[in-house]
Amino acid sequence: MSASAVTEHFLAAFERVAPLLPGAAAPAVLEARRVALARFARLGMPTARTEAWRYSNHGNWLRQPLDPAPVVATTAALPGELDPGNLAVTDLGAHARILFVDGRRVDERGTRALPPGLRLHPLSRLLEEDTELARPWLATAVEAANDGPAALNLAFFSEGALIEVEREAGAVTIEIIFLSTDSGVGHTAHTHLCVEIADGAHATVVERHVSLGSVESAAGADVSRQLRVGSRARLSHAVLQDAHPRLYHLQRTSARVGADAELSLWSLALGGNLARYEATVDLSGRGASVDLAGVYALKGRQAADHHLTVRHLAPDTRSQMRFRGLLDGHSRGAFTGCVQVAPGADGASARQANDNLLLSPHAEAVSRPELGIETDDVQCSHGSTVGQQDESAVFYLRSRGIDEATARSLLSSAFAIAILRTMPHDGARALALAMLTLHLPQRLALEEML
Amino acid sequence: MLDINDLQVCVGDRQILRGLTLTIGEGEVHAIMGPNGSGKSTLAHVLAGRPGYEVTGGSIRFKGEDLLVLAPEERARQGVFLAFQYPVEVPGVNNTYMLKAALNAVRKHRGEQELDAMEFLQFVKKRLEIVQMNESFLSRGVNEGFSGGEKKRNEILQMAVLEPVLAVLDETDSGLDIDALRIVADGVNQLRSAARSFLLVTHYQRLLEYIVPDQVHVLADGRIVKSGGPELALELEMRGYDWLRGQDAA
């Protein structure tokens with residue numbers, strides 16, 4: 001399909017599905033979607049020449065994007081085989097759980113009562129029934145939709161959640177499971193998440209993006225997130241992804257962090273055909289900080305593209321990026337870390353590290369730091385490495401009786417674990433390690449390595 | 001137990017060992033001394049099977065079998081142990097994990113039951129005493145941030161855990177202060193037994209004051225030029241190596 005044909009295709013698709021989308025009768029909702037669609041019409045899909053998407057140009061999804069998933073009402077109950085109990089679950093001890101299957105929300109039976117101060121709103125219901133609460137989120141979503149795929153998400157999303165955490169809730173954990181199944185093939189499921197952590201509140205959000213059964217054809221999952229972290233609040237947000245190998249997995253997060261608040265964003269990218277993780281973090285209050293960390297472990301012809309931007313907008317703000325890639329087969333791992341320090345953001349500090357281990361001569365690592373600094377009083381550092389396994393360490397382990405495959409797997413795991421072991425939430429860390437274990441050829445007991 | 005016959009080894013284009021012959025019997029302790037570049041470490045590495053060393057002639061038989069056809073891990077499981085001159089840091093893999101994986105690989109090979117985490121901890125605690133290490137060593141990354149002395153003690157700990165038939169100590173004394181040297185030597189002496197042989201590779205006679213060998217060999221220009229008892233080490237200490245250059249094995 002030509003670029004203009006792609007654009008026409010989505011415009012026509014929108015006219016078809018618009019009446020079915022939640023909030024179709026609410027002018028504010030429809031207006032936001034129309035603005036997004038108009039922006040998409042103007043921007044179109046990224047191309048191979050669009051710099052920010054250069055390393056997400058993988059497979060043929062840019063040329064032949066998948067149709068938005070059909071709008072279907074929430075499934076009332078889970079079919080037995082979709083029960084999260086069947087998902088090799090590590091119990092996160094979550095206070096709340098939300099489940100999406102191919103972009104549709106599934107109401108679980110026996111859902112626990114939420115602690116006071118924690119509120120969950122299904123977005124479909126919000127758009128239908130409480131447009132006033134949705135309105136400011138729509139406004140910021142419109143603002144953030146600055147490229148074609150982001151605009152499409154806003155135009156087409158039919159489900160998602162608004163999570164509100166007040167201080168009185170205590171330190172709460174929310175688990176969100178995104179399941180991709182065979183029923184999702186041929187479409188992109190658009191989901192939108194909004195998270196508001198009130199001043200002084202603490203929360204952990206763990207998203208698990210996984211697949212059920214084998215999926216033989218291409219499918220797409222597209223998640224937009226908006227995170228607002230109030231003054232002195234703390235939010236730890238993790239995306240743990242091990243999706244099926246035909247999935248185009250696109251995510252974008254825009255976050256705003258208030259004074260003396262701490263945000264930590266984690267990405268574990270193991271699956272998918274393409275895994276794109278985009279984050280834009282505004283450190284808008286004095287003393288705000290963000291820690292972005294993650295691991296991508298790829299093989300075959302997988303690609304992962306982490307595209308991170310931190311804007312230091314206030315004094316004494318701190319940011320840190322720590323990403324490691326394990327690249328096998330013909331895979332490609334790309335990392336772009338942009339740090340912008342605005343005038344007046346004195347005393348800012350920004351650190352960035354991206355290290356890659358190439359496990360095959362055909363694997364590729366791309367590492368791009370970009371710094372834009374408009375003040376003098378700032379401390380920035382960045383480093384990136386691309387290397388092979390340390391053969392002297394391989395020999396050392398073999399000389400102790402450990403076979404070569406296990407030795408290599410052990411060293412790769414250790415390289416990744418150095419990042420994952422610093423995950424602040426015990427359950428999320430255990431889950432991340434369990435997922436990594438399943439992903440490695442040698443099923444090492446990684447938890448014992450900590 | 002170990003029979004090395006006319007061993008020739010190249011690294012790249014350079015020939016390092018030029019017809020080295022050495023026999024070590026069960027329970028014996030042999031020391032190899034020699035100047036820098038004589039091929040001492042090459043011998044240690046070739047015994048352990050390090051890639052990059054090409055054996056162009058001769059043979060090594062271990063317990064009557066051809067050692068050179070075995071992969072490094074197979075040699076370890078058969079009972080060959082190399083204490084490294086420069087123990088490698090393996091960040092992120094903790095000592096317990098590595099030791100347990102190594103021990104269980106060896107036990108599996110011997111047809112013994114593998115140890116679980118609790119059993120292993122009991123097992124390793126006794127070995128820690130041999131090198132006067134405390135349990136905190138176990139939870140640290142392998143050699144990660146260890147001092148020179150700690151690294152060498154960690155090598156001896158691994159040896160104590162794996163209970164090899166042949167232990168090759170490659171300049172284990174280098175970089176050790178006198179206290180650490182004593183701890184390491186005491187550890188080795190505790191592990192001496194009728195069923196275990198040692199090959200000590202060293203520059204200096206000092207180590208041999210603590211670990212008294214049965215035989216001392218001088219390696220120069222890739223072959224053994226002189227062999228003798230412990231008194232040979234003292235003679236070398238006084239006279240240096242130059243007087244032996246160009247001599248053939250006595």
# chains A, B, ... in the order shown; residues from 1 in each chain; ligands from 1
>>> closest_atom_pairs(of="segment 140-171 of chain A", to="segment 188-207 of chain A", cutoff="7 Å", atoms="only C-alpha atoms", output="JSON lines")
{"residue": "A:Asn153", "atom": "CA", "partner": "A:His190", "partner_atom": "CA", "distance": 5.5}
{"residue": "A:Phe156", "atom": "CA", "partner": "A:His190", "partner_atom": "CA", "distance": 6.5}
{"residue": "A:Phe157", "atom": "CA", "partner": "A:His190", "partner_atom": "CA", "distance": 4.6}
{"residue": "A:Ser158", "atom": "CA", "partner": "A:Thr191", "partner_atom": "CA", "distance": 6.7}
{"residue": "A:Glu159", "atom": "CA", "partner": "A:Thr191", "partner_atom": "CA", "distance": 5.4}
{"residue": "A:Gly160", "atom": "CA", "partner": "A:His192", "partner_atom": "CA", "distance": 4.6}
{"residue": "A:Ala161", "atom": "CA", "partner": "A:Leu193", "partner_atom": "CA", "distance": 5.0}
{"residue": "A:Leu162", "atom": "CA", "partner": "A:Cys194", "partner_atom": "CA", "distance": 4.6}
{"residue": "A:Ile163", "atom": "CA", "partner": "A:Val195", "partner_atom": "CA", "distance": 4.8}
{"residue": "A:Glu164", "atom": "CA", "partner": "A:Glu196", "partner_atom": "CA", "distance": 4.9}
{"residue": "A:Val165", "atom": "CA", "partner": "A:Ile197", "partner_atom": "CA", "distance": 5.0}
{"residue": "A:Glu166", "atom": "CA", "partner": "A:Ala198", "partner_atom": "CA", "distance": 5.1}
{"residue": "A:Arg167", "atom": "CA", "partner": "A:Ala201", "partner_atom": "CA", "distance": 4.0}
{"residue": "A:Gly170", "atom": "CA", "partner": "A:His202", "partner_atom": "CA", "distance": 6.4}
{"residue": "A:Ala171", "atom": "CA", "partner": "A:His202", "partner_atom": "CA", "distance": 4.7}
>>> select_by_dssp(residues="segment 281-444 of chain A", states="alpha helix (DSSP H)", output="PyMOL selection string")
chain A and resi 391-398+404-420+426-439
>>> closest_atom_pairs(of="chain A", to="chain B", cutoff="12 Å", atoms="only C-alpha atoms", output="CSV")
residue,atom,partner,partner_atom,distance
A:Gln389,CA,B:Val90,CA,11.1
A:Asp390,CA,B:Val90,CA,9.2
A:Glu391,CA,B:Pro51,CA,9.2
A:Ser392,CA,B:Val88,CA,7.0
A:Ala393,CA,B:Val88,CA,5.9
A:Val394,CA,B:Val90,CA,9.3
A:Phe395,CA,B:Arg50,CA,6.6
A:Tyr396,CA,B:Val88,CA,6.7
A:Leu397,CA,B:Met98,CA,7.9
A:Arg398,CA,B:Glu73,CA,4.7
A:Ser399,CA,B:Pro72,CA,5.3
A:Arg400,CA,B:Ala102,CA,5.5
A:Gly401,CA,B:Glu73,CA,4.1
A:Ile402,CA,B:Ala102,CA,5.5
A:Asp403,CA,B:Glu73,CA,5.7
A:Glu404,CA,B:Glu73,CA,7.7
A:Ala405,CA,B:Glu73,CA,10.9
A:Thr406,CA,B:Ala101,CA,9.5
A:Ala407,CA,B:Met98,CA,9.6
A:Arg408,CA,B:Val90,CA,11.5
A:Ser409,CA,B:Val93,CA,11.1
A:Leu410,CA,B:Val93,CA,7.4
A:Leu411,CA,B:Val90,CA,7.5
A:Ser412,CA,B:Gly92,CA,9.7
A:Ser413,CA,B:Gly92,CA,8.2
A:Ala414,CA,B:Gly92,CA,4.6
A:Phe415,CA,B:Gly92,CA,6.7
A:Ala416,CA,B:Gly92,CA,8.7
A:Ile417,CA,B:Gly92,CA,6.8
A:Ala418,CA,B:Gly92,CA,5.9
A:Ile419,CA,B:Gly92,CA,9.7
A:Leu420,CA,B:Gly92,CA,10.7
A:Arg421,CA,B:Gly92,CA,9.4
A:Thr422,CA,B:Gly92,CA,11.9
A:Leu444,CA,B:Ala101,CA,9.9
A:Ala445,CA,B:Tyr97,CA,9.1
A:Leu446,CA,B:Val93,CA,9.2
A:Glu447,CA,B:Tyr97,CA,9.9
A:Glu448,CA,B:Tyr97,CA,6.5
A:Met449,CA,B:Asn94,CA,5.5
A:Leu450,CA,B:Asn94,CA,6.9
>>> closest_residue(among="A:Ala221, A:Ala238, A:Ala303, A:Leu37", to="Gly148 of chain A", atoms="only C-alpha atoms")
A:Leu37
>>> residues_around(residues="Leu17 of chain B", least_positions_apart="4", cutoff="7 Å", atoms="only C-alpha atoms", output="VMD selection string")
chain B and resid 7 to 9 39 222 to 223
>>> residues_around(residues="Leu199 of chain B", least_positions_apart="2", cutoff="8 Å", atoms="only C-alpha atoms", output="PyMOL selection string")
chain B and resi 29-32+166-169+197+201
>>> write_last_selection(atoms="N, CA, C and O atoms", output="compact mmCIF listing (two decimals), in the first residue's frame")
# COMPACT_ATOMS: atom_id res chain seq x y z
N VAL B 29 53.57 -33.99 44.89
CA VAL B 29 53.53 -32.55 44.69
C VAL B 29 54.79 -32.14 43.91
O VAL B 29 55.90 -32.35 44.38
N HIS B 30 54.56 -31.61 42.71
CA HIS B 30 55.68 -31.16 41.89
C HIS B 30 55.60 -29.65 41.73
O HIS B 30 54.51 -29.09 41.62
N ALA B 31 56.77 -29.04 41.70
CA ALA B 31 56.81 -27.61 41.45
C ALA B 31 57.54 -27.36 40.13
O ALA B 31 58.54 -28.03 39.85
N ILE B 32 56.98 -26.44 39.36
CA ILE B 32 57.66 -26.02 38.13
C ILE B 32 58.10 -24.58 38.32
O ILE B 32 57.27 -23.71 38.63
N LEU B 166 43.93 -33.90 40.23
CA LEU B 166 45.14 -33.15 39.90
C LEU B 166 44.84 -31.66 40.00
O LEU B 166 43.96 -31.15 39.31
N ALA B 167 45.57 -30.99 40.87
CA ALA B 167 45.37 -29.55 41.00
C ALA B 167 46.60 -28.83 40.46
O ALA B 167 47.73 -29.13 40.86
N VAL B 168 46.35 -27.93 39.51
CA VAL B 168 47.44 -27.14 38.93
C VAL B 168 47.30 -25.73 39.49
O VAL B 168 46.26 -25.09 39.30
N LEU B 169 48.30 -25.27 40.20
CA LEU B 169 48.23 -23.93 40.79
C LEU B 169 49.17 -23.02 40.02
O LEU B 169 50.39 -23.15 40.10
N SER B 197 47.20 -35.18 43.44
CA SER B 197 48.51 -34.67 43.04
C SER B 197 48.44 -33.17 42.78
O SER B 197 47.37 -32.65 42.44
N VAL B 201 52.99 -24.08 39.88
CA VAL B 201 53.77 -23.26 38.97
C VAL B 201 54.13 -21.98 39.71
O VAL B 201 53.23 -21.29 40.22
>>> residues_around(residues="Thr309 of chain A", least_positions_apart="4", cutoff="7 Å", atoms="only C-alpha atoms", output="list in words")
Ala279, Thr280, Val281, Gly337, Cys338 and Val339 of chain A
>>> residues_around(residues="segment 177-182 of chain A", least_positions_apart="3", cutoff="7 Å", atoms="only C-alpha atoms", output="list in words")
Ile98, Leu99, Phe100, Val101, Asp102, Val185, Glu207, Arg208, His209, Val210, Ser211, Leu212, Gly213 and Val215 of chain A
>>> write_last_selection(atoms="N, CA, C and O atoms", output="PDB file, in the first residue's frame")
ATOM      1  N   ILE A  98      -6.302  -5.944  36.353  1.00  0.00           N
ATOM      2  CA  ILE A  98      -7.128  -5.641  35.184  1.00  0.00           C
ATOM      3  C   ILE A  98      -6.633  -6.560  34.080  1.00  0.00           C
ATOM      4  O   ILE A  98      -5.431  -6.755  33.920  1.00  0.00           O
ATOM      5  N   LEU A  99      -7.557  -7.114  33.331  1.00  0.00           N
ATOM      6  CA  LEU A  99      -7.186  -8.070  32.295  1.00  0.00           C
ATOM      7  C   LEU A  99      -7.734  -7.629  30.947  1.00  0.00           C
ATOM      8  O   LEU A  99      -8.927  -7.306  30.825  1.00  0.00           O
ATOM      9  N   PHE A 100      -6.859  -7.563  29.980  1.00  0.00           N
ATOM     10  CA  PHE A 100      -7.282  -7.282  28.607  1.00  0.00           C
ATOM     11  C   PHE A 100      -6.914  -8.476  27.728  1.00  0.00           C
ATOM     12  O   PHE A 100      -5.788  -8.968  27.783  1.00  0.00           O
ATOM     13  N   VAL A 101      -7.862  -8.926  26.930  1.00  0.00           N
ATOM     14  CA  VAL A 101      -7.574 -10.006  25.994  1.00  0.00           C
ATOM     15  C   VAL A 101      -7.746  -9.440  24.593  1.00  0.00           C
ATOM     16  O   VAL A 101      -8.841  -9.004  24.230  1.00  0.00           O
ATOM     17  N   ASP A 102      -6.680  -9.388  23.851  1.00  0.00           N
ATOM     18  CA  ASP A 102      -6.678  -8.769  22.523  1.00  0.00           C
ATOM     19  C   ASP A 102      -7.324  -7.382  22.555  1.00  0.00           C
ATOM     20  O   ASP A 102      -8.089  -7.006  21.677  1.00  0.00           O
ATOM     21  N   VAL A 185      -5.504 -11.880  15.601  1.00  0.00           N
ATOM     22  CA  VAL A 185      -4.655 -11.747  14.413  1.00  0.00           C
ATOM     23  C   VAL A 185      -5.310 -10.870  13.354  1.00  0.00           C
ATOM     24  O   VAL A 185      -6.524 -10.782  13.246  1.00  0.00           O
ATOM     25  N   GLU A 207       2.657  -4.217  34.332  1.00  0.00           N
ATOM     26  CA  GLU A 207       1.946  -4.679  33.138  1.00  0.00           C
ATOM     27  C   GLU A 207       2.637  -5.922  32.617  1.00  0.00           C
ATOM     28  O   GLU A 207       3.848  -5.925  32.404  1.00  0.00           O
ATOM     29  N   ARG A 208       1.862  -6.941  32.397  1.00  0.00           N
ATOM     30  CA  ARG A 208       2.414  -8.152  31.783  1.00  0.00           C
ATOM     31  C   ARG A 208       1.793  -8.296  30.411  1.00  0.00           C
ATOM     32  O   ARG A 208       0.575  -8.361  30.268  1.00  0.00           O
ATOM     33  N   HIS A 209       2.642  -8.332  29.409  1.00  0.00           N
ATOM     34  CA  HIS A 209       2.148  -8.481  28.036  1.00  0.00           C
ATOM     35  C   HIS A 209       2.577  -9.858  27.544  1.00  0.00           C
ATOM     36  O   HIS A 209       3.755 -10.078  27.265  1.00  0.00           O
ATOM     37  N   VAL A 210       1.639 -10.752  27.499  1.00  0.00           N
ATOM     38  CA  VAL A 210       1.978 -12.136  27.161  1.00  0.00           C
ATOM     39  C   VAL A 210       0.964 -12.710  26.177  1.00  0.00           C
ATOM     40  O   VAL A 210      -0.059 -12.092  25.891  1.00  0.00           O
ATOM     41  N   SER A 211       1.274 -13.880  25.673  1.00  0.00           N
ATOM     42  CA  SER A 211       0.403 -14.515  24.688  1.00  0.00           C
ATOM     43  C   SER A 211      -0.092 -15.842  25.211  1.00  0.00           C
ATOM     44  O   SER A 211       0.515 -16.450  26.086  1.00  0.00           O
ATOM     45  N   LEU A 212      -1.192 -16.263  24.641  1.00  0.00           N
ATOM     46  CA  LEU A 212      -1.740 -17.549  25.020  1.00  0.00           C
ATOM     47  C   LEU A 212      -1.842 -18.398  23.762  1.00  0.00           C
ATOM     48  O   LEU A 212      -2.413 -17.973  22.770  1.00  0.00           O
ATOM     49  N   GLY A 213      -1.290 -19.570  23.815  1.00  0.00           N
ATOM     50  CA  GLY A 213      -1.345 -20.459  22.665  1.00  0.00           C
ATOM     51  C   GLY A 213      -0.419 -19.960  21.572  1.00  0.00           C
ATOM     52  O   GLY A 213       0.259 -18.946  21.718  1.00  0.00           O
ATOM     53  N   VAL A 215       0.311 -18.337  17.985  1.00  0.00           N
ATOM     54  CA  VAL A 215      -0.356 -17.410  17.079  1.00  0.00           C
ATOM     55  C   VAL A 215       0.435 -17.415  15.784  1.00  0.00           C
ATOM     56  O   VAL A 215       1.641 -17.172  15.779  1.00  0.00           O
TER      57      VAL A 215
END
>>> select_by_dssp(residues="segment 28-136 of chain B", states="strand (DSSP E or B)", output="list in words")
Val29, His30, Ala31, Ile32, Met33, Glu54, Val55, Thr56, Gly57, Gly58, Ser59, Ile60, Arg61, Phe62, Glu65, Asp66, Val80, Phe81, Leu82, Ala83, Val90, Pro91, Gly92, Val93 and Asn94 of chain B
>>> residues_around(residues="segment 184-187 of chain B", least_positions_apart="6", cutoff="7 Å", atoms="only C-alpha atoms", output="JSON, numbers by chain")
{"B": [130, 131, 153, 156, 210, 211]}
>>> write_last_selection(atoms="C-alpha atoms", output="PDB file, in the first residue's frame")
ATOM      1  CA  ILE B 130      40.089 -24.279  55.073  1.00  0.00           C
ATOM      2  CA  VAL B 131      40.748 -20.886  53.481  1.00  0.00           C
ATOM      3  CA  ARG B 153      41.708 -17.825  48.456  1.00  0.00           C
ATOM      4  CA  ILE B 156      41.558 -22.628  46.822  1.00  0.00           C
ATOM      5  CA  TYR B 210      55.192 -23.520  52.978  1.00  0.00           C
ATOM      6  CA  ILE B 211      54.226 -26.243  50.545  1.00  0.00           C
TER       7      ILE B 211
END
